[in-house]
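Structure file entry-v1.txt with compact mmCIF, C-alpha atoms:
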```txt
# COMPACT_ATOMS: atom_id res chain seq x y z
CA MET U 121 51.29 76.72 85.31
CA PRO U 122 54.79 75.18 85.13
CA ASP U 123 56.03 72.13 87.02
CA TYR U 124 59.52 71.54 88.41
CA LEU U 125 61.29 68.19 88.53
CA GLY U 126 63.54 67.31 91.46
CA ILE U 127 66.21 64.59 91.46
CA ASP U 128 68.27 63.35 94.41
CA THR U 129 70.55 60.30 94.46
CA SER U 130 71.77 59.91 98.03
CA ASN U 131 73.74 56.95 99.30
CA TYR U 132 70.59 54.98 100.17
CA THR U 133 67.63 56.39 98.22
CA THR U 134 66.84 57.16 94.60
CA SER U 135 64.40 60.09 94.73
CA THR U 136 62.37 62.04 92.21
CA ALA U 137 59.67 64.64 92.83
CA LEU U 138 57.42 67.01 90.92
CA PHE U 139 56.54 70.41 92.37
CA SER U 140 53.57 72.30 90.91
CA SER U 141 53.76 76.08 91.13
CA ASP U 142 50.01 76.13 90.47
CA THR U 143 48.97 74.10 93.52
CA GLY U 144 52.11 74.50 95.63
CA LYS U 145 52.10 70.73 96.11
CA CYS U 146 54.90 68.21 95.71
CA VAL U 147 54.48 64.60 94.53
CA GLN U 148 57.25 62.12 95.34
CA SER U 149 58.46 58.91 93.75
CA LYS U 150 61.40 57.28 95.53
CA LYS U 151 62.92 53.92 96.37
CA LEU U 152 65.52 52.68 98.85
CA LEU U 153 68.66 51.10 97.47
CA PRO U 154 68.87 47.37 98.29
CA VAL U 155 71.29 46.50 101.09
CA LYS U 156 72.14 42.86 101.87
CA GLU U 157 70.99 41.60 105.26
CA GLY U 158 73.56 42.15 107.97
CA GLU U 159 75.57 44.71 106.01
CA LEU U 160 76.09 48.28 107.14
CA GLY U 161 75.44 50.28 103.97
CA LEU U 162 76.71 50.10 100.40
CA ARG U 163 79.90 50.71 98.50
CA GLN U 164 79.65 53.77 96.28
CA SER U 165 80.06 51.67 93.14
CA ASP U 166 77.04 49.55 94.15
CA ALA U 167 75.02 52.66 95.01
CA VAL U 168 75.73 54.12 91.58
CA PHE U 169 74.64 50.88 89.89
CA HIS U 170 71.36 50.69 91.81
CA HIS U 171 70.53 54.37 91.18
CA VAL U 172 70.94 53.84 87.44
CA ASN U 173 68.84 50.67 87.59
CA GLN U 174 65.97 52.30 89.52
CA PHE U 175 65.64 55.66 87.79
CA SER U 176 63.31 54.93 84.89
CA GLU U 177 60.51 53.41 86.99
CA LEU U 178 60.55 56.37 89.37
CA ILE U 179 60.39 58.99 86.62
CA GLU U 180 57.58 57.05 84.95
CA ALA U 181 55.59 57.09 88.20
CA LEU U 182 55.46 60.90 88.33
CA PRO U 183 52.43 62.74 86.87
CA LEU U 184 54.46 64.53 84.21
CA ASN U 185 52.47 66.66 81.75
CA ASN U 186 53.91 67.26 78.30
CA GLY U 187 55.13 70.81 77.88
CA CYS U 188 54.58 71.79 81.55
CA LEU U 189 58.08 71.08 82.83
CA LYS U 190 59.97 74.37 83.19
CA SER U 191 63.21 73.27 84.84
CA VAL U 192 65.00 70.56 86.81
CA GLY U 193 66.52 70.80 90.27
CA VAL U 194 69.19 68.29 91.26
CA SER U 195 71.52 67.67 94.18
CA THR U 196 75.06 67.19 92.92
CA LYS U 197 76.95 67.07 96.22
CA PRO U 198 76.20 66.04 99.80
CA ARG U 199 76.75 69.30 101.68
CA SER U 200 77.00 73.00 101.00
CA ALA U 201 80.72 73.02 101.69
CA GLU U 202 83.89 73.34 99.66
CA GLY U 203 85.10 69.95 98.42
CA SER U 204 81.93 68.07 99.34
CA TYR U 205 81.68 65.09 96.99
CA MET U 206 80.17 61.63 96.71
CA PRO U 207 80.06 59.56 93.48
CA CYS U 208 76.40 58.55 93.82
CA PHE U 209 75.32 62.16 93.18
CA LEU U 210 76.89 61.95 89.71
CA VAL U 211 73.97 59.75 88.65
CA GLY U 212 71.36 62.36 89.49
CA GLY U 213 73.43 65.11 87.90
CA THR U 214 73.82 63.16 84.67
CA VAL U 215 70.11 62.32 84.45
CA ALA U 216 69.11 65.92 85.19
CA LYS U 217 71.44 67.32 82.52
CA SER U 218 70.18 64.77 79.99
CA ILE U 219 66.55 65.72 80.67
CA GLY U 220 67.46 69.41 80.50
CA ALA U 221 69.24 69.03 77.17
CA ALA U 222 66.50 66.87 75.63
CA SER U 223 63.70 69.20 76.78
CA ASP U 224 65.64 72.48 76.32
CA ILE U 225 65.02 73.54 79.93
CA SER U 226 67.28 74.84 82.69
CA VAL U 227 69.00 72.62 85.26
CA HIS U 228 69.61 74.08 88.72
CA GLU U 229 72.24 72.36 90.85
CA THR U 230 72.28 72.46 94.65
CA SER U 231 73.34 70.28 97.57
CA HIS U 232 71.58 67.33 99.19
CA GLN U 233 71.72 69.34 102.43
CA ILE U 234 69.87 72.35 101.03
CA GLY U 235 67.33 69.94 99.55
CA HIS U 236 66.71 68.54 103.05
CA ILE U 237 66.25 72.02 104.53
CA LEU U 238 63.82 73.12 101.81
CA ALA U 239 61.84 69.88 102.08
CA ALA U 240 61.53 70.37 105.84
CA LEU U 241 60.42 73.99 105.39
CA TYR U 242 57.83 72.88 102.84
CA SER U 243 56.56 70.10 105.08
CA CYS U 244 56.12 72.31 108.17
CA ASN U 245 54.67 75.26 106.19
CA ARG U 246 57.62 77.58 106.82
CA LEU U 247 58.81 78.31 103.29
CA ASP U 248 58.17 81.93 104.24
CA LEU U 249 61.59 81.84 105.94
CA VAL U 250 63.21 81.47 102.52
CA PHE U 251 61.64 84.70 101.30
CA GLY U 252 62.37 86.71 104.44
CA ASP U 253 65.54 88.50 105.47
CA LYS U 254 66.23 86.88 108.82
CA PRO U 255 68.48 83.88 109.53
CA PHE U 256 67.32 80.69 111.20
CA LEU U 257 68.94 77.52 112.52
CA ALA U 258 68.65 74.18 110.74
CA PHE U 259 69.79 70.76 111.87
CA HIS U 260 70.66 68.14 109.25
CA VAL U 261 70.83 64.86 111.14
CA SER U 262 71.34 61.70 109.09
CA GLY U 263 73.77 58.87 108.39
CA GLY U 264 76.38 61.24 107.01
CA THR U 265 75.82 64.42 109.00
CA THR U 266 74.96 65.71 112.43
CA ASP U 267 75.19 69.39 111.57
CA CYS U 268 73.82 72.53 113.17
CA LEU U 269 73.64 75.23 110.50
CA LEU U 270 73.04 78.96 110.41
CA VAL U 271 70.86 79.51 107.33
CA THR U 272 70.34 82.88 105.67
CA PRO U 273 68.07 83.66 102.68
CA ASP U 274 70.23 84.36 99.63
CA LYS U 275 69.03 85.74 96.30
CA GLU U 276 71.63 83.91 94.23
CA ASN U 277 71.73 80.51 95.93
CA VAL U 278 68.28 80.56 97.65
CA LEU U 279 69.91 79.71 100.99
CA LYS U 280 73.36 80.45 102.38
CA VAL U 281 74.46 77.77 104.84
CA GLU U 282 77.15 78.18 107.50
CA GLU U 283 78.17 75.35 109.80
CA VAL U 284 77.76 76.24 113.47
CA ALA U 285 78.46 72.85 115.04
CA THR U 286 78.75 69.18 114.12
CA SER U 287 79.61 65.74 115.47
CA LEU U 288 83.33 65.38 115.99
CA ASP U 289 83.24 61.62 115.44
CA LEU U 290 80.32 59.26 114.76
CA LYS U 291 77.23 60.71 113.07
CA ALA U 292 73.80 60.19 114.60
CA GLY U 293 72.51 58.00 111.77
CA GLN U 294 75.65 55.86 111.94
CA ALA U 295 75.07 55.34 115.67
CA VAL U 296 71.46 54.31 115.05
CA ASP U 297 72.42 51.80 112.36
CA ARG U 298 75.38 50.33 114.25
CA VAL U 299 73.34 49.82 117.41
CA GLY U 300 70.43 48.50 115.34
CA LEU U 301 72.58 45.86 113.62
CA MET U 302 74.07 45.00 117.01
CA LEU U 303 70.52 44.23 118.16
CA GLY U 304 69.73 42.15 115.07
CA LEU U 305 67.67 44.74 113.21
CA LYS U 306 67.60 45.28 109.45
CA PHE U 307 69.50 48.15 107.81
CA PRO U 308 68.53 50.99 107.68
CA CYS U 309 67.59 50.54 111.32
CA GLY U 310 65.87 53.79 112.29
CA LYS U 311 62.23 52.69 112.21
CA GLU U 312 62.83 49.31 113.82
CA LEU U 313 65.03 50.81 116.55
CA GLU U 314 62.32 53.35 117.39
CA LYS U 315 59.68 50.61 117.52
CA LEU U 316 61.87 48.50 119.81
CA ALA U 317 62.61 51.47 122.09
CA MET U 318 58.89 52.13 122.54
CA ASP U 319 58.70 48.94 124.64
CA SER U 320 61.19 50.25 127.19
CA LEU U 321 60.24 51.76 130.55
CA ALA U 322 63.84 52.52 131.48
CA LYS U 323 64.95 55.95 132.70
CA PHE U 324 68.38 57.31 131.87
CA LYS U 325 70.32 60.26 133.19
CA ILE U 326 72.40 61.25 130.19
CA LYS U 327 75.05 63.96 130.03
CA PRO U 328 76.21 64.14 126.40
CA THR U 329 79.79 65.00 125.54
CA ILE U 330 79.77 68.53 124.08
CA LYS U 331 82.88 70.48 123.08
CA ASP U 332 82.40 74.13 122.02
CA GLY U 333 78.86 73.31 120.87
CA ASN U 334 79.98 70.20 118.94
CA CYS U 335 78.90 66.73 120.02
CA CYS U 336 80.74 63.42 120.33
CA LEU U 337 78.63 60.31 119.68
CA SER U 338 81.12 57.44 119.46
CA GLY U 339 80.47 56.54 123.10
CA ILE U 340 76.92 55.45 122.22
CA GLU U 341 78.09 52.32 120.40
CA ASN U 342 80.48 51.33 123.18
CA LYS U 343 77.89 51.84 125.92
CA CYS U 344 75.21 49.90 124.02
CA ARG U 345 77.58 47.01 123.38
CA ASP U 346 78.44 46.94 127.07
CA MET U 347 74.73 46.89 127.95
CA LEU U 348 74.16 44.01 125.51
CA ASN U 349 77.08 42.01 126.93
CA LYS U 350 75.59 42.44 130.40
CA GLY U 351 72.31 40.95 129.19
CA GLU U 352 70.22 44.12 129.45
CA ASN U 353 66.94 44.24 127.56
CA LYS U 354 67.28 45.11 123.89
CA CYS U 355 64.44 47.63 124.15
CA ASP U 356 66.36 49.46 126.90
CA ILE U 357 69.51 49.52 124.76
CA ALA U 358 67.53 50.94 121.83
CA LEU U 359 66.03 53.63 124.04
CA TYR U 360 69.43 54.58 125.47
CA CYS U 361 70.80 55.11 121.97
CA LEU U 362 67.94 57.39 120.96
CA LYS U 363 67.82 59.31 124.24
CA TYR U 364 71.55 60.01 124.01
CA ILE U 365 71.12 61.46 120.51
CA GLU U 366 68.16 63.49 121.75
CA ALA U 367 70.22 64.89 124.63
CA ALA U 368 73.14 65.75 122.33
CA ILE U 369 70.96 67.59 119.81
CA LEU U 370 69.13 69.40 122.61
CA LYS U 371 72.43 70.64 124.03
CA MET U 372 73.75 71.61 120.59
CA THR U 373 70.57 73.60 119.98
CA SER U 374 70.87 75.41 123.31
CA CYS U 375 74.51 76.31 122.61
CA ALA U 376 73.67 77.67 119.15
CA LEU U 377 70.74 79.74 120.43
CA ASP U 378 72.93 81.15 123.20
CA LYS U 379 75.35 82.27 120.51
CA TYR U 380 72.90 83.63 117.94
CA SER U 381 69.88 84.55 120.12
CA ASP U 382 66.36 83.18 119.76
CA MET U 383 65.29 82.19 116.26
CA PRO U 384 63.31 79.37 114.60
CA VAL U 385 65.00 75.96 114.50
CA ILE U 386 64.28 73.55 111.64
CA TYR U 387 65.09 69.87 112.16
CA ALA U 388 65.71 67.86 108.97
CA GLY U 389 67.25 64.54 107.99
CA GLY U 390 66.20 60.94 108.46
CA VAL U 391 67.13 60.72 112.16
CA MET U 392 64.76 63.60 112.93
CA SER U 393 61.76 61.53 111.83
CA ASN U 394 62.17 59.66 115.14
CA MET U 395 59.34 60.59 117.49
CA ILE U 396 61.36 59.81 120.63
CA ILE U 397 64.13 62.23 119.66
CA ARG U 398 61.62 64.94 118.74
CA GLY U 399 59.93 64.81 122.15
CA SER U 400 61.80 67.23 124.37
CA LEU U 401 63.04 69.36 121.45
CA SER U 402 59.52 70.40 120.47
CA ASN U 403 58.78 71.47 124.04
CA LYS U 404 61.86 73.65 124.59
CA PHE U 405 62.41 75.67 121.40
CA GLU U 406 60.59 77.31 118.50
CA ALA U 407 61.11 74.00 116.74
CA TYR U 408 59.75 72.82 113.40
CA PHE U 409 59.94 69.26 112.11
CA ALA U 410 59.34 67.77 108.70
CA SER U 411 56.84 64.93 108.49
CA PRO U 412 58.64 61.56 108.22
CA GLU U 413 58.33 61.33 104.42
CA TYR U 414 60.08 64.70 104.10
CA SER U 415 62.60 64.06 106.89
CA CYS U 416 64.14 61.09 105.10
CA ASP U 417 66.01 61.52 101.83
CA ASN U 418 63.75 62.98 99.16
CA ALA U 419 63.80 65.12 96.02
CA CYS U 420 61.03 67.51 96.99
CA GLY U 421 63.43 70.14 98.30
CA VAL U 422 65.50 70.26 95.13
CA ALA U 423 62.33 70.53 93.02
CA ILE U 424 61.32 73.54 95.12
CA TYR U 425 64.86 74.89 94.74
CA ALA U 426 64.41 74.87 90.96
CA ALA U 427 61.05 76.62 91.28
CA ILE U 428 62.50 79.39 93.48
CA LYS U 429 65.46 79.84 91.12
CA ASP U 430 62.93 80.35 88.33
CA GLY U 431 61.07 83.02 90.29
CA TYR U 432 58.45 81.07 92.27
CA LYS U 433 57.18 82.88 95.38
CA LEU U 434 54.54 82.04 97.95
```
The structure in this file should be written as structure tokens.
Amino acid sequence: MPDYLGIDTSNYTTSTALFSSDTGKCVQSKKLLPVKEGELGLRQSDAVFHHVNQFSELIEALPLNNGCLKSVGVSTKPRSAEGSYMPCFLVGGTVAKSIGAASDISVHETSHQIGHILAALYSCNRLDLVFGDKPFLAFHVSGGTTDCLLVTPDKENVLKVEEVATSLDLKAGQAVDRVGLMLGLKFPCGKELEKLAMDSLAKFKIKPTIKDGNCCLSGIENKCRDMLNKGENKCDIALYCLKYIEAAILKMTSCALDKYSDMPVIYAGGVMSNMIIRGSLSNKFEAYFASPEYSCDNACGVAIYAAIKDGYKL
């Protein structure tokens, strides 16, 4: 049975994956881009350089079988929106087209966002939603997005994505990293911030700023800096940051479900791997979460995208 290669070159991770239509399993090979200590991210030119430098070892690590590769899926833009663009995705697109031309196989282009949604659906065993006829909600919560999306199965593009709500200022992943660096943690700060927050016994009464279903998160950084200047425990500051994001996403979900009625909600993106944020969400809605390795940037979703484009069904 044929295999499908997935390629994703986000701003912080070089990702490759191989999806087998025979077993229905996905194997990943990925690597974070190196970020200097104390710095908040990378310039796009540096990201491009590191993607190019890391690609060969990741492809070599996949269990590729000669003659079994049917097509390549690749993310060539960040979001499923007009004008969405980021130079680092050019690397993945170029590699995918080169492999396609050399192997005489098809290349299927999609967005990083759709890749996240498909990876989450795969991880939580809900790929059936792709092959149904009913819409569902999906959250893509990361360093570049805090989006609530109405997702509808689509024969031509696999999934049709419509933005329902977003963050009007700072994105959730940006808040996590800015607060993390403020507390002396290493970028990307998500895992260390969660670990630090686990030591806190503080209780917070948080009322997130929500405007027409959209959230505002810039106040998190200011509040956390104020707490730090007052000498409050770092673990309490970390917990406040995460609990505020949790409260904002919970309210955004409630607003969207009030508008579109009850339906499954899929939570994807690196921020949604945080177990503190997941807590109350899983208890209030028909919520599905990707496991951490499929929440963070990965190429599994775009490999599955290629398989579906070529006719794969459950």
If you take only C-alpha atoms and a cut-off of 9 Å, which residues of stretch 319-402 of chain U touch stretch 220-242 of chain U, and what are their nearest atom pairs and distances in Å to one decimal, in chain and number order, as CSV?
```
residue,atom,partner,partner_atom,distance
U:Ile386,CA,U:Ala240,CA,7.2
U:Tyr387,CA,U:Ala240,CA,7.3
U:Ala388,CA,U:Ala240,CA,5.8
U:Gly389,CA,U:His236,CA,6.4
```
For the point (62.4, 51.1, 114.1) in file coordinates, what residues are within 12 Å, counting only C-alpha atoms? Give the answer as a ChimeraX atom specification? /U:296-297,299-301,303-319,355,358-359,362,390-391,393-396
Which residue out of U:Asn186, U:Met302, U:Tyr132, U:Lys254 has the minimum interatomic distance to U:Gly161 when all atoms listed in the file are used? U:Tyr132
Write out as a list of chain:residue names which residues come within 8 Å of U:Ala216 when counting only C-alpha atoms, dropping same-chain ones fewer than 6 positions away. U:Ile127, U:Val192, U:Gly193, U:Val194, U:Val227
Pick out the residues sitting within 10 Å of U:Ile369, and hand them over as a list in words; count all atoms listed in the file, and ignore anything fewer than 6 positions along from it in its own chain. Phe259, Val261, Thr266, Asp267, Cys268, Thr286, Ser287, Ala292, Pro328, Ile330, Gly333, Asn334, Cys335, Lys363, Cys375, Tyr387, Ile397, Arg398 and Leu401 of chain U
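The space between atom CA of U:Lys150 and atom CA of U:Ser176 spans 11.1 Å.
Of note, atom CA of U:Pro198 and atom CA of U:Ser130 are spaced 7.8 Å apart.
For the pair atom CA of U:Ala368 and atom CA of U:Gly264, the separation is 16.3 Å.
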U:Leu279 surroundings by all atoms listed in the file, 8 Å radius, close-in-sequence under 5 positions cut, as a ChimeraX atom specification: /U:234,250,271-274
Have a look at U:Glu352, U:Lys291, U:Tyr360, U:Glu177 and name the one nearest to U:Lys325; count only C-alpha atoms. U:Tyr360
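Of the residues under consideration (U:Ser262, U:Ser381, U:Asn245, U:Thr373), U:Asn245 shows the shortest atom-to-atom contact distance to U:Ser411 when counting all atoms listed in the file.
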For U:Val168, the nearest of the candidates U:Asn131, U:Ser195, U:Ser141, U:Ser149, counting only C-alpha atoms: U:Asn131
Mind rebuilding stretch 228-240 of chain U with N, CA and C atoms and writing that out as a PDB file, keeping the file's coordinate frame?
```pdb
ATOM      1  N   HIS U 228      69.100  73.331  87.578  1.00  0.00           N
ATOM      2  CA  HIS U 228      69.610  74.080  88.720  1.00  0.00           C
ATOM      3  C   HIS U 228      70.225  73.115  89.728  1.00  0.00           C
ATOM      4  N   GLU U 229      71.523  73.252  89.958  1.00  0.00           N
ATOM      5  CA  GLU U 229      72.240  72.360  90.850  1.00  0.00           C
ATOM      6  C   GLU U 229      72.321  72.932  92.260  1.00  0.00           C
ATOM      7  N   THR U 230      72.149  72.078  93.253  1.00  0.00           N
ATOM      8  CA  THR U 230      72.280  72.460  94.650  1.00  0.00           C
ATOM      9  C   THR U 230      72.849  71.283  95.430  1.00  0.00           C
ATOM     10  N   SER U 231      72.824  71.369  96.745  1.00  0.00           N
ATOM     11  CA  SER U 231      73.340  70.280  97.570  1.00  0.00           C
ATOM     12  C   SER U 231      72.206  69.452  98.153  1.00  0.00           C
ATOM     13  N   HIS U 232      72.520  68.216  98.490  1.00  0.00           N
ATOM     14  CA  HIS U 232      71.580  67.330  99.190  1.00  0.00           C
ATOM     15  C   HIS U 232      71.116  67.989 100.493  1.00  0.00           C
ATOM     16  N   GLN U 233      72.027  68.687 101.146  1.00  0.00           N
ATOM     17  CA  GLN U 233      71.720  69.340 102.430  1.00  0.00           C
ATOM     18  C   GLN U 233      70.680  70.441 102.267  1.00  0.00           C
ATOM     19  N   ILE U 234      70.851  71.296 101.270  1.00  0.00           N
ATOM     20  CA  ILE U 234      69.870  72.350 101.030  1.00  0.00           C
ATOM     21  C   ILE U 234      68.529  71.739 100.631  1.00  0.00           C
ATOM     22  N   GLY U 235      68.570  70.637  99.883  1.00  0.00           N
ATOM     23  CA  GLY U 235      67.330  69.940  99.550  1.00  0.00           C
ATOM     24  C   GLY U 235      66.600  69.489 100.806  1.00  0.00           C
ATOM     25  N   HIS U 236      67.323  68.961 101.781  1.00  0.00           N
ATOM     26  CA  HIS U 236      66.710  68.540 103.050  1.00  0.00           C
ATOM     27  C   HIS U 236      66.066  69.734 103.762  1.00  0.00           C
ATOM     28  N   ILE U 237      66.769  70.846 103.819  1.00  0.00           N
ATOM     29  CA  ILE U 237      66.250  72.020 104.530  1.00  0.00           C
ATOM     30  C   ILE U 237      64.981  72.529 103.855  1.00  0.00           C
ATOM     31  N   LEU U 238      64.993  72.632 102.540  1.00  0.00           N
ATOM     32  CA  LEU U 238      63.820  73.120 101.810  1.00  0.00           C
ATOM     33  C   LEU U 238      62.642  72.161 101.936  1.00  0.00           C
ATOM     34  N   ALA U 239      62.917  70.862 101.913  1.00  0.00           N
ATOM     35  CA  ALA U 239      61.840  69.880 102.080  1.00  0.00           C
ATOM     36  C   ALA U 239      61.218  69.994 103.463  1.00  0.00           C
ATOM     37  N   ALA U 240      62.050  70.203 104.478  1.00  0.00           N
ATOM     38  CA  ALA U 240      61.530  70.370 105.840  1.00  0.00           C
ATOM     39  C   ALA U 240      60.695  71.642 105.950  1.00  0.00           C
TER      40      ALA U 240
END
```
